[in-house]
$ cat final_33.cif   # mmCIF, N, CA and C atoms
data_my_file
loop_
_atom_site.label_atom_id
_atom_site.label_comp_id
_atom_site.auth_asym_id
_atom_site.auth_seq_id
_atom_site.Cartn_x
_atom_site.Cartn_y
_atom_site.Cartn_z
N MET A 278 53.16 -40.50 -41.57
CA MET A 278 52.90 -39.08 -41.58
C MET A 278 51.46 -38.85 -41.12
N PRO A 279 51.25 -38.01 -40.14
CA PRO A 279 49.90 -37.83 -39.62
C PRO A 279 49.02 -36.85 -40.41
N ILE A 280 49.49 -36.28 -41.51
CA ILE A 280 48.62 -35.38 -42.28
C ILE A 280 47.61 -36.24 -43.02
N TRP A 281 46.35 -35.92 -42.78
CA TRP A 281 45.27 -36.66 -43.41
C TRP A 281 44.84 -35.98 -44.70
N ARG A 282 44.69 -34.65 -44.66
CA ARG A 282 44.19 -33.95 -45.84
C ARG A 282 44.62 -32.49 -45.81
N VAL A 283 44.79 -31.92 -46.99
CA VAL A 283 45.06 -30.49 -47.16
C VAL A 283 43.96 -29.94 -48.06
N THR A 284 43.30 -28.89 -47.59
CA THR A 284 42.24 -28.29 -48.39
C THR A 284 42.65 -26.89 -48.83
N ILE A 285 42.07 -26.46 -49.92
CA ILE A 285 42.20 -25.08 -50.38
C ILE A 285 40.80 -24.49 -50.32
N ASP A 286 40.64 -23.45 -49.49
CA ASP A 286 39.34 -22.85 -49.28
C ASP A 286 39.19 -21.48 -49.93
N SER A 287 40.31 -20.82 -50.22
CA SER A 287 40.22 -19.51 -50.85
C SER A 287 41.43 -19.29 -51.76
N ILE A 288 41.15 -18.65 -52.89
CA ILE A 288 42.18 -18.33 -53.87
C ILE A 288 41.92 -16.90 -54.32
N LYS A 289 42.96 -16.10 -54.28
CA LYS A 289 42.84 -14.72 -54.74
C LYS A 289 44.09 -14.36 -55.53
N GLY A 290 43.90 -13.78 -56.69
CA GLY A 290 45.03 -13.35 -57.49
C GLY A 290 44.72 -12.03 -58.16
N GLU A 291 45.72 -11.18 -58.22
CA GLU A 291 45.54 -9.90 -58.90
C GLU A 291 46.84 -9.52 -59.59
N ARG A 292 46.67 -8.74 -60.66
CA ARG A 292 47.82 -8.33 -61.46
C ARG A 292 47.56 -6.91 -61.95
N ALA A 293 48.58 -6.08 -61.90
CA ALA A 293 48.48 -4.72 -62.43
C ALA A 293 48.40 -4.77 -63.95
N PRO A 294 47.79 -3.75 -64.56
CA PRO A 294 47.68 -3.76 -66.03
C PRO A 294 49.04 -3.83 -66.73
N LYS A 295 50.03 -3.14 -66.18
CA LYS A 295 51.37 -3.18 -66.77
C LYS A 295 52.32 -3.86 -65.79
N VAL A 296 53.04 -4.81 -66.28
CA VAL A 296 54.03 -5.50 -65.45
C VAL A 296 55.42 -5.08 -65.93
N LEU A 297 56.19 -4.56 -65.02
CA LEU A 297 57.53 -4.07 -65.34
C LEU A 297 58.54 -5.21 -65.35
N LYS A 298 59.72 -4.91 -65.83
CA LYS A 298 60.81 -5.89 -65.76
C LYS A 298 61.47 -5.79 -64.39
N GLY A 299 62.23 -6.80 -64.02
CA GLY A 299 62.94 -6.78 -62.75
C GLY A 299 62.03 -7.03 -61.55
N ILE A 300 61.04 -7.86 -61.73
CA ILE A 300 60.09 -8.17 -60.65
C ILE A 300 60.73 -9.16 -59.68
N THR A 301 60.53 -8.93 -58.40
CA THR A 301 60.93 -9.91 -57.39
C THR A 301 59.68 -10.48 -56.75
N VAL A 302 59.79 -11.72 -56.31
CA VAL A 302 58.67 -12.40 -55.69
C VAL A 302 59.05 -12.78 -54.27
N GLU A 303 58.19 -12.42 -53.32
CA GLU A 303 58.38 -12.82 -51.93
C GLU A 303 57.26 -13.79 -51.57
N VAL A 304 57.63 -14.99 -51.20
CA VAL A 304 56.66 -16.03 -50.86
C VAL A 304 56.68 -16.26 -49.36
N LYS A 305 55.50 -16.13 -48.73
CA LYS A 305 55.40 -16.31 -47.29
C LYS A 305 54.28 -17.30 -46.96
N PRO A 306 54.66 -18.49 -46.49
CA PRO A 306 53.63 -19.38 -45.95
C PRO A 306 53.46 -19.09 -44.47
N SER A 307 52.26 -19.29 -43.95
CA SER A 307 52.07 -19.10 -42.51
C SER A 307 50.98 -20.04 -42.00
N LEU A 308 51.16 -20.47 -40.76
CA LEU A 308 50.15 -21.26 -40.06
C LEU A 308 49.40 -20.29 -39.16
N ILE A 309 48.09 -20.24 -39.28
CA ILE A 309 47.32 -19.20 -38.63
C ILE A 309 46.81 -19.61 -37.25
N LYS A 310 46.07 -20.70 -37.19
CA LYS A 310 45.53 -21.15 -35.90
C LYS A 310 45.31 -22.65 -35.96
N ALA A 311 45.22 -23.27 -34.80
CA ALA A 311 44.98 -24.71 -34.72
C ALA A 311 43.79 -24.95 -33.81
N GLU A 312 42.96 -25.91 -34.19
CA GLU A 312 41.76 -26.27 -33.42
C GLU A 312 41.57 -27.78 -33.46
N ILE A 313 40.80 -28.27 -32.49
CA ILE A 313 40.42 -29.68 -32.48
C ILE A 313 39.10 -29.80 -33.22
N GLU A 314 39.00 -30.81 -34.07
CA GLU A 314 37.78 -31.02 -34.84
C GLU A 314 37.37 -32.49 -34.73
N ASP A 315 36.09 -32.73 -34.54
CA ASP A 315 35.58 -34.10 -34.46
C ASP A 315 35.28 -34.62 -35.85
N ALA A 316 35.69 -35.85 -36.11
CA ALA A 316 35.36 -36.55 -37.35
C ALA A 316 34.85 -37.92 -36.94
N GLY A 317 33.58 -37.97 -36.60
CA GLY A 317 33.01 -39.19 -36.04
C GLY A 317 33.58 -39.41 -34.66
N LYS A 318 34.19 -40.56 -34.44
CA LYS A 318 34.78 -40.87 -33.13
C LYS A 318 36.24 -40.41 -33.04
N THR A 319 36.75 -39.90 -34.13
CA THR A 319 38.15 -39.49 -34.18
C THR A 319 38.27 -37.99 -33.95
N LYS A 320 39.30 -37.61 -33.24
CA LYS A 320 39.62 -36.20 -33.05
C LYS A 320 40.76 -35.83 -33.99
N LEU A 321 40.53 -34.79 -34.77
CA LEU A 321 41.55 -34.29 -35.69
C LEU A 321 42.08 -32.97 -35.17
N VAL A 322 43.28 -32.64 -35.53
CA VAL A 322 43.82 -31.31 -35.28
C VAL A 322 43.83 -30.62 -36.64
N ARG A 323 43.15 -29.49 -36.71
CA ARG A 323 43.10 -28.71 -37.95
C ARG A 323 43.87 -27.41 -37.73
N THR A 324 44.76 -27.13 -38.66
CA THR A 324 45.44 -25.84 -38.62
C THR A 324 45.18 -25.12 -39.94
N ASP A 325 44.81 -23.87 -39.85
CA ASP A 325 44.59 -23.07 -41.04
C ASP A 325 45.92 -22.48 -41.50
N TYR A 326 46.06 -22.34 -42.81
CA TYR A 326 47.29 -21.80 -43.37
C TYR A 326 46.96 -20.72 -44.41
N LYS A 327 47.98 -19.96 -44.75
CA LYS A 327 47.89 -19.00 -45.84
C LYS A 327 49.23 -18.99 -46.56
N LEU A 328 49.17 -18.98 -47.87
CA LEU A 328 50.35 -18.86 -48.71
C LEU A 328 50.19 -17.57 -49.52
N VAL A 329 51.14 -16.66 -49.36
CA VAL A 329 51.07 -15.36 -50.05
C VAL A 329 52.32 -15.20 -50.90
N ALA A 330 52.10 -14.89 -52.18
CA ALA A 330 53.20 -14.53 -53.09
C ALA A 330 52.98 -13.07 -53.47
N LYS A 331 53.89 -12.22 -53.06
CA LYS A 331 53.77 -10.78 -53.31
C LYS A 331 54.85 -10.37 -54.31
N TYR A 332 54.41 -9.66 -55.35
CA TYR A 332 55.30 -9.26 -56.43
C TYR A 332 55.67 -7.78 -56.25
N SER A 333 57.00 -7.49 -56.30
CA SER A 333 57.47 -6.11 -56.17
C SER A 333 58.25 -5.73 -57.41
N PRO A 334 58.14 -4.49 -57.91
CA PRO A 334 57.26 -3.47 -57.38
C PRO A 334 55.81 -3.93 -57.43
N ASP A 335 54.93 -3.23 -56.84
CA ASP A 335 53.55 -3.64 -56.60
C ASP A 335 52.78 -3.94 -57.89
N VAL A 336 53.04 -5.13 -58.46
CA VAL A 336 52.40 -5.49 -59.73
C VAL A 336 51.46 -6.69 -59.60
N GLY A 337 51.45 -7.36 -58.46
CA GLY A 337 50.57 -8.50 -58.32
C GLY A 337 50.68 -9.17 -56.97
N LYS A 338 49.70 -10.03 -56.73
CA LYS A 338 49.68 -10.76 -55.46
C LYS A 338 48.82 -12.01 -55.65
N ILE A 339 49.27 -13.10 -55.05
CA ILE A 339 48.51 -14.36 -55.05
C ILE A 339 48.38 -14.79 -53.60
N GLU A 340 47.16 -15.10 -53.19
CA GLU A 340 46.90 -15.60 -51.82
C GLU A 340 46.09 -16.88 -51.92
N ILE A 341 46.55 -17.89 -51.22
CA ILE A 341 45.83 -19.16 -51.14
C ILE A 341 45.71 -19.53 -49.68
N GLY A 342 44.50 -19.86 -49.26
CA GLY A 342 44.26 -20.23 -47.87
C GLY A 342 43.49 -21.53 -47.78
N GLY A 343 43.64 -22.19 -46.65
CA GLY A 343 42.93 -23.45 -46.45
C GLY A 343 43.28 -24.05 -45.10
N SER A 344 43.11 -25.35 -45.02
CA SER A 344 43.34 -26.06 -43.76
C SER A 344 44.15 -27.33 -44.00
N ILE A 345 44.89 -27.70 -42.97
CA ILE A 345 45.64 -28.96 -42.95
C ILE A 345 45.11 -29.75 -41.78
N TYR A 346 44.75 -31.00 -42.03
CA TYR A 346 44.17 -31.86 -41.00
C TYR A 346 45.18 -32.94 -40.61
N PHE A 347 45.41 -33.06 -39.29
CA PHE A 347 46.31 -34.09 -38.76
C PHE A 347 45.48 -35.15 -38.06
N ILE A 348 45.84 -36.40 -38.26
CA ILE A 348 45.13 -37.52 -37.65
C ILE A 348 46.12 -38.29 -36.78
N ASN A 349 45.61 -38.99 -35.79
CA ASN A 349 46.41 -39.82 -34.88
C ASN A 349 47.46 -39.02 -34.10
N VAL A 350 47.08 -37.82 -33.67
CA VAL A 350 47.95 -37.02 -32.81
C VAL A 350 47.15 -36.61 -31.57
N ASP A 351 47.84 -36.46 -30.47
CA ASP A 351 47.20 -36.03 -29.22
C ASP A 351 47.19 -34.50 -29.18
N PRO A 352 46.01 -33.89 -29.28
CA PRO A 352 45.94 -32.43 -29.30
C PRO A 352 46.64 -31.77 -28.11
N LYS A 353 46.59 -32.41 -26.94
CA LYS A 353 47.22 -31.83 -25.75
C LYS A 353 48.74 -31.75 -25.89
N LYS A 354 49.31 -32.66 -26.69
CA LYS A 354 50.76 -32.69 -26.86
C LYS A 354 51.25 -31.81 -28.02
N VAL A 355 50.38 -31.56 -28.99
CA VAL A 355 50.86 -30.86 -30.19
C VAL A 355 50.35 -29.43 -30.31
N MET A 356 49.41 -29.03 -29.44
CA MET A 356 48.85 -27.67 -29.51
C MET A 356 49.03 -26.93 -28.20
N GLU A 357 49.11 -25.61 -28.32
CA GLU A 357 49.15 -24.75 -27.14
C GLU A 357 48.62 -23.38 -27.54
N LYS A 358 47.62 -22.92 -26.83
CA LYS A 358 47.02 -21.59 -27.05
C LYS A 358 46.60 -21.38 -28.50
N GLY A 359 45.98 -22.40 -29.10
CA GLY A 359 45.46 -22.27 -30.46
C GLY A 359 46.50 -22.29 -31.56
N LYS A 360 47.70 -22.78 -31.25
CA LYS A 360 48.77 -22.87 -32.24
C LYS A 360 49.42 -24.25 -32.15
N LEU A 361 49.97 -24.71 -33.26
CA LEU A 361 50.77 -25.94 -33.22
C LEU A 361 52.06 -25.64 -32.48
N LYS A 362 52.48 -26.57 -31.63
CA LYS A 362 53.76 -26.39 -30.94
C LYS A 362 54.74 -27.51 -31.26
N ASP A 363 54.25 -28.60 -31.82
CA ASP A 363 55.10 -29.74 -32.16
C ASP A 363 55.93 -29.41 -33.40
N VAL A 364 57.25 -29.40 -33.26
CA VAL A 364 58.15 -28.99 -34.34
C VAL A 364 57.99 -29.89 -35.57
N GLU A 365 57.84 -31.18 -35.37
CA GLU A 365 57.69 -32.10 -36.51
C GLU A 365 56.40 -31.84 -37.27
N LEU A 366 55.30 -31.58 -36.57
CA LEU A 366 54.04 -31.27 -37.26
C LEU A 366 54.14 -29.95 -38.00
N ILE A 367 54.80 -28.98 -37.41
CA ILE A 367 55.00 -27.69 -38.08
C ILE A 367 55.80 -27.89 -39.36
N ARG A 368 56.86 -28.69 -39.28
CA ARG A 368 57.68 -28.97 -40.47
C ARG A 368 56.84 -29.63 -41.55
N GLN A 369 56.06 -30.63 -41.17
CA GLN A 369 55.22 -31.33 -42.14
C GLN A 369 54.18 -30.39 -42.76
N ALA A 370 53.61 -29.51 -41.95
CA ALA A 370 52.61 -28.57 -42.46
C ALA A 370 53.23 -27.65 -43.51
N TYR A 371 54.39 -27.06 -43.22
CA TYR A 371 55.03 -26.18 -44.19
C TYR A 371 55.44 -26.95 -45.44
N GLN A 372 55.88 -28.17 -45.27
CA GLN A 372 56.25 -29.01 -46.42
C GLN A 372 55.04 -29.19 -47.34
N ARG A 373 53.88 -29.47 -46.76
CA ARG A 373 52.68 -29.68 -47.57
C ARG A 373 52.15 -28.39 -48.19
N ILE A 374 52.36 -27.25 -47.54
CA ILE A 374 51.96 -25.97 -48.14
C ILE A 374 52.72 -25.78 -49.45
N PHE A 375 53.96 -26.26 -49.50
CA PHE A 375 54.75 -26.12 -50.71
C PHE A 375 54.45 -27.21 -51.74
N LEU A 376 53.42 -28.02 -51.49
CA LEU A 376 52.98 -28.99 -52.49
C LEU A 376 51.68 -28.52 -53.13
N GLU A 377 50.54 -28.94 -52.60
CA GLU A 377 49.25 -28.65 -53.23
C GLU A 377 48.99 -27.15 -53.42
N PRO A 378 49.05 -26.33 -52.36
CA PRO A 378 48.78 -24.92 -52.56
C PRO A 378 49.78 -24.23 -53.51
N MET A 379 51.05 -24.62 -53.45
CA MET A 379 52.04 -24.00 -54.32
C MET A 379 51.78 -24.36 -55.78
N VAL A 380 51.36 -25.59 -56.05
CA VAL A 380 51.04 -25.98 -57.42
C VAL A 380 49.89 -25.11 -57.94
N THR A 381 48.90 -24.84 -57.10
CA THR A 381 47.80 -23.96 -57.48
C THR A 381 48.31 -22.54 -57.74
N ALA A 382 49.21 -22.06 -56.90
CA ALA A 382 49.79 -20.71 -57.08
C ALA A 382 50.58 -20.62 -58.38
N ILE A 383 51.27 -21.68 -58.75
CA ILE A 383 52.03 -21.69 -60.01
C ILE A 383 51.07 -21.57 -61.19
N GLY A 384 50.00 -22.34 -61.17
CA GLY A 384 49.01 -22.27 -62.25
C GLY A 384 48.37 -20.89 -62.34
N LEU A 385 48.06 -20.29 -61.21
CA LEU A 385 47.46 -18.96 -61.19
C LEU A 385 48.44 -17.90 -61.70
N ALA A 386 49.71 -18.02 -61.32
CA ALA A 386 50.73 -17.08 -61.81
C ALA A 386 50.84 -17.16 -63.33
N LYS A 387 50.77 -18.36 -63.88
CA LYS A 387 50.82 -18.51 -65.34
C LYS A 387 49.62 -17.83 -65.99
N GLU A 388 48.43 -18.02 -65.42
CA GLU A 388 47.22 -17.39 -65.96
C GLU A 388 47.28 -15.87 -65.88
N LEU A 389 47.87 -15.35 -64.81
CA LEU A 389 47.97 -13.91 -64.61
C LEU A 389 49.19 -13.30 -65.34
N ARG A 390 49.98 -14.16 -65.97
CA ARG A 390 51.20 -13.74 -66.66
C ARG A 390 52.15 -13.03 -65.70
N LEU A 391 52.34 -13.63 -64.54
CA LEU A 391 53.29 -13.18 -63.53
C LEU A 391 54.40 -14.21 -63.43
N PRO A 392 55.58 -13.81 -62.96
CA PRO A 392 56.63 -14.81 -62.75
C PRO A 392 56.16 -15.89 -61.77
N LEU A 393 56.66 -17.10 -61.96
CA LEU A 393 56.28 -18.19 -61.07
C LEU A 393 56.76 -17.89 -59.65
N PRO A 394 55.98 -18.28 -58.65
CA PRO A 394 56.37 -17.99 -57.26
C PRO A 394 57.42 -18.94 -56.71
N VAL A 395 58.00 -19.75 -57.56
CA VAL A 395 59.04 -20.68 -57.14
C VAL A 395 60.08 -20.75 -58.25
N LYS A 396 61.33 -20.84 -57.89
CA LYS A 396 62.39 -20.92 -58.89
C LYS A 396 62.47 -22.34 -59.41
N MET A 397 62.34 -22.47 -60.71
CA MET A 397 62.39 -23.79 -61.33
C MET A 397 63.86 -24.12 -61.65
N PRO A 398 64.20 -25.40 -61.66
CA PRO A 398 65.58 -25.78 -61.97
C PRO A 398 65.94 -25.40 -63.40
N GLU A 399 67.18 -25.04 -63.59
CA GLU A 399 67.68 -24.72 -64.92
C GLU A 399 68.45 -25.92 -65.45
N VAL A 400 68.28 -26.19 -66.73
CA VAL A 400 68.96 -27.31 -67.36
C VAL A 400 70.12 -26.75 -68.18
N LYS A 401 71.31 -27.31 -67.96
CA LYS A 401 72.48 -26.91 -68.74
C LYS A 401 72.87 -28.08 -69.63
N VAL A 402 73.10 -27.78 -70.87
CA VAL A 402 73.57 -28.79 -71.80
C VAL A 402 74.95 -28.35 -72.26
N GLU A 403 75.92 -29.20 -72.02
CA GLU A 403 77.29 -28.88 -72.40
C GLU A 403 77.76 -29.90 -73.43
N ALA A 404 78.53 -29.41 -74.39
CA ALA A 404 79.08 -30.30 -75.41
C ALA A 404 80.13 -31.20 -74.75
N GLU A 405 80.20 -32.42 -75.24
CA GLU A 405 81.23 -33.33 -74.73
C GLU A 405 82.59 -32.86 -75.22
N PRO A 406 83.61 -32.94 -74.39
CA PRO A 406 84.93 -32.54 -74.87
C PRO A 406 85.40 -33.47 -76.00
N ALA A 407 86.11 -32.89 -76.93
CA ALA A 407 86.60 -33.67 -78.06
C ALA A 407 87.56 -34.74 -77.56
N LYS A 408 87.46 -35.93 -78.13
CA LYS A 408 88.34 -37.03 -77.73
C LYS A 408 89.70 -36.87 -78.37
N LYS A 409 90.75 -37.15 -77.59
CA LYS A 409 92.12 -37.07 -78.12
C LYS A 409 92.41 -38.30 -78.93
N LYS A 410 93.16 -38.11 -80.02
CA LYS A 410 93.52 -39.23 -80.88
C LYS A 410 94.92 -39.67 -80.64
#
$ encode --input "final_33.cif" --output "structure tokens"
Amino acid sequence: MPIWRVTIDSIKGERAPKVLKGITVEVKPSLIKAEIEDAGKTKLVRTDYKLVAKYSPDVGKIEIGGSIYFINVDPKKVMEKGKLKDVELIRQAYQRIFLEPMVTAIGLAKELRLPLPVKMPEVKVEAEPAKKK
């Protein structure tokens, strides 16, 4: 995997004084721009991202922004007009946005007393059927 590092550069969270019932959460990750960055003798491809969780009705919002750094990729092959064009790198970038930045968003949602921006698995416990004699 060519992702070298994921950074979080900005975190913003807000919550209305009263939170109603029946809140829906819309989560939108986005890749903003891609640039070449020098790291010594190595050329990295850096793409900035933003993860936004918007709560409706308008009761809160969480925004996390940062950068994803790719190593061992040819910028001419994976970038075009300041954007990533390589489908595999785009997939990897979105996958990583749902790791580190999403974990931060979950913690912030808990602190703000907002619903989590991701649906957690539900555990069902069922009684074993009675054995026939």
$ atom_distance --input "final_33.cif" --atom1 "atom CA of Arg373 of chain A" --atom2 "atom CA of Lys327 of chain A"
11.8 Å
$ select_by_dssp --input "final_33.cif" --residues "segment 307-389 of chain A" --states "strand (DSSP E or B)" --output "PyMOL selection string"
chain A and resi 307-316+319-333+337-347+356-357+360-361
$ atom_distance --input "final_33.cif" --atom1 "atom C of Thr324 of chain A" --atom2 "atom N of Gly359 of chain A"
11.2 Å
$ residues_around --input "final_33.cif" --residues "Leu385 of chain A" --least-positions-apart "3" --cutoff "8 Å" --atoms "only C-alpha atoms" --output "list in words"
Gly290, Ile339, Thr381, Ala382, Glu388 and Leu389 of chain A
$ closest_residue --input "final_33.cif" --among "A:Val322, A:Ile367, A:Lys289, A:Ala311" --to "Val350 of chain A" --atoms "all atoms listed in the file"
A:Val322
$ residues_around --input "final_33.cif" --residues "Ile300 of chain A" --least-positions-apart "4" --cutoff "6.5 Å" --atoms "all atoms listed in the file" --output "PDB file with N, CA and C atoms, keeping the file's coordinate frame"
ATOM      1  N   TYR A 332      54.410  -9.660 -55.350  1.00  0.00           N
ATOM      2  CA  TYR A 332      55.300  -9.260 -56.430  1.00  0.00           C
ATOM      3  C   TYR A 332      55.670  -7.780 -56.250  1.00  0.00           C
ATOM      4  N   SER A 333      57.000  -7.490 -56.300  1.00  0.00           N
ATOM      5  CA  SER A 333      57.470  -6.110 -56.170  1.00  0.00           C
ATOM      6  C   SER A 333      58.250  -5.730 -57.410  1.00  0.00           C
ATOM      7  N   PRO A 334      58.140  -4.490 -57.910  1.00  0.00           N
ATOM      8  CA  PRO A 334      57.260  -3.470 -57.380  1.00  0.00           C
ATOM      9  C   PRO A 334      55.810  -3.930 -57.430  1.00  0.00           C
TER      10      PRO A 334
END
$ residues_around --input "final_33.cif" --residues "Pro306 of chain A" --least-positions-apart "5" --cutoff "8 Å" --atoms "all atoms listed in the file" --output "MDAnalysis selection string"
chainID A and resid 326:330 371 374:375
$ residues_around --input "final_33.cif" --residues "Ile345 of chain A" --least-positions-apart "6" --cutoff "8 Å" --atoms "all atoms listed in the file" --output "list of chain:residue names"
A:Ile280, A:Trp281, A:Arg282, A:Val283, A:Thr284, A:Ile285, A:Leu321, A:Val322, A:Arg323, A:Thr324, A:Asp325, A:Tyr326, A:Ala370
$ select_by_dssp --input "final_33.cif" --residues "chain A" --states "alpha helix (DSSP H)" --output "list of chain:residue names"
A:Pro352, A:Lys353, A:Lys354, A:Val355, A:Val364, A:Glu365, A:Leu366, A:Ile367, A:Arg368, A:Gln369, A:Ala370, A:Tyr371, A:Gln372, A:Arg373, A:Ile374, A:Glu377, A:Pro378, A:Met379, A:Val380, A:Thr381, A:Ala382, A:Ile383, A:Gly384, A:Leu385, A:Ala386, A:Lys387, A:Glu388, A:Leu389
$ closest_residue --input "final_33.cif" --among "A:Ile348, A:Val395, A:Asp315, A:Lys354" --to "Ile383 of chain A" --atoms "all atoms listed in the file"
A:Val395
$ atom_distance --input "final_33.cif" --atom1 "atom N of Gly337 of chain A" --atom2 "atom C of Ala293 of chain A"
6.8 Å
$ closest_residue --input "final_33.cif" --among "A:Pro279, A:Lys360, A:Leu393, A:Ala404" --to "Tyr346 of chain A" --atoms "only C-alpha atoms"
A:Pro279
$ closest_residue --input "final_33.cif" --among "A:Arg390, A:Leu361, A:Pro406, A:Gln372" --to "Pro294 of chain A" --atoms "only C-alpha atoms"
A:Arg390
$ closest_residue --input "final_33.cif" --among "A:Lys320, A:Lys362, A:Arg368, A:Lys305" --to "Phe347 of chain A" --atoms "only N, CA and C atoms"
A:Lys320
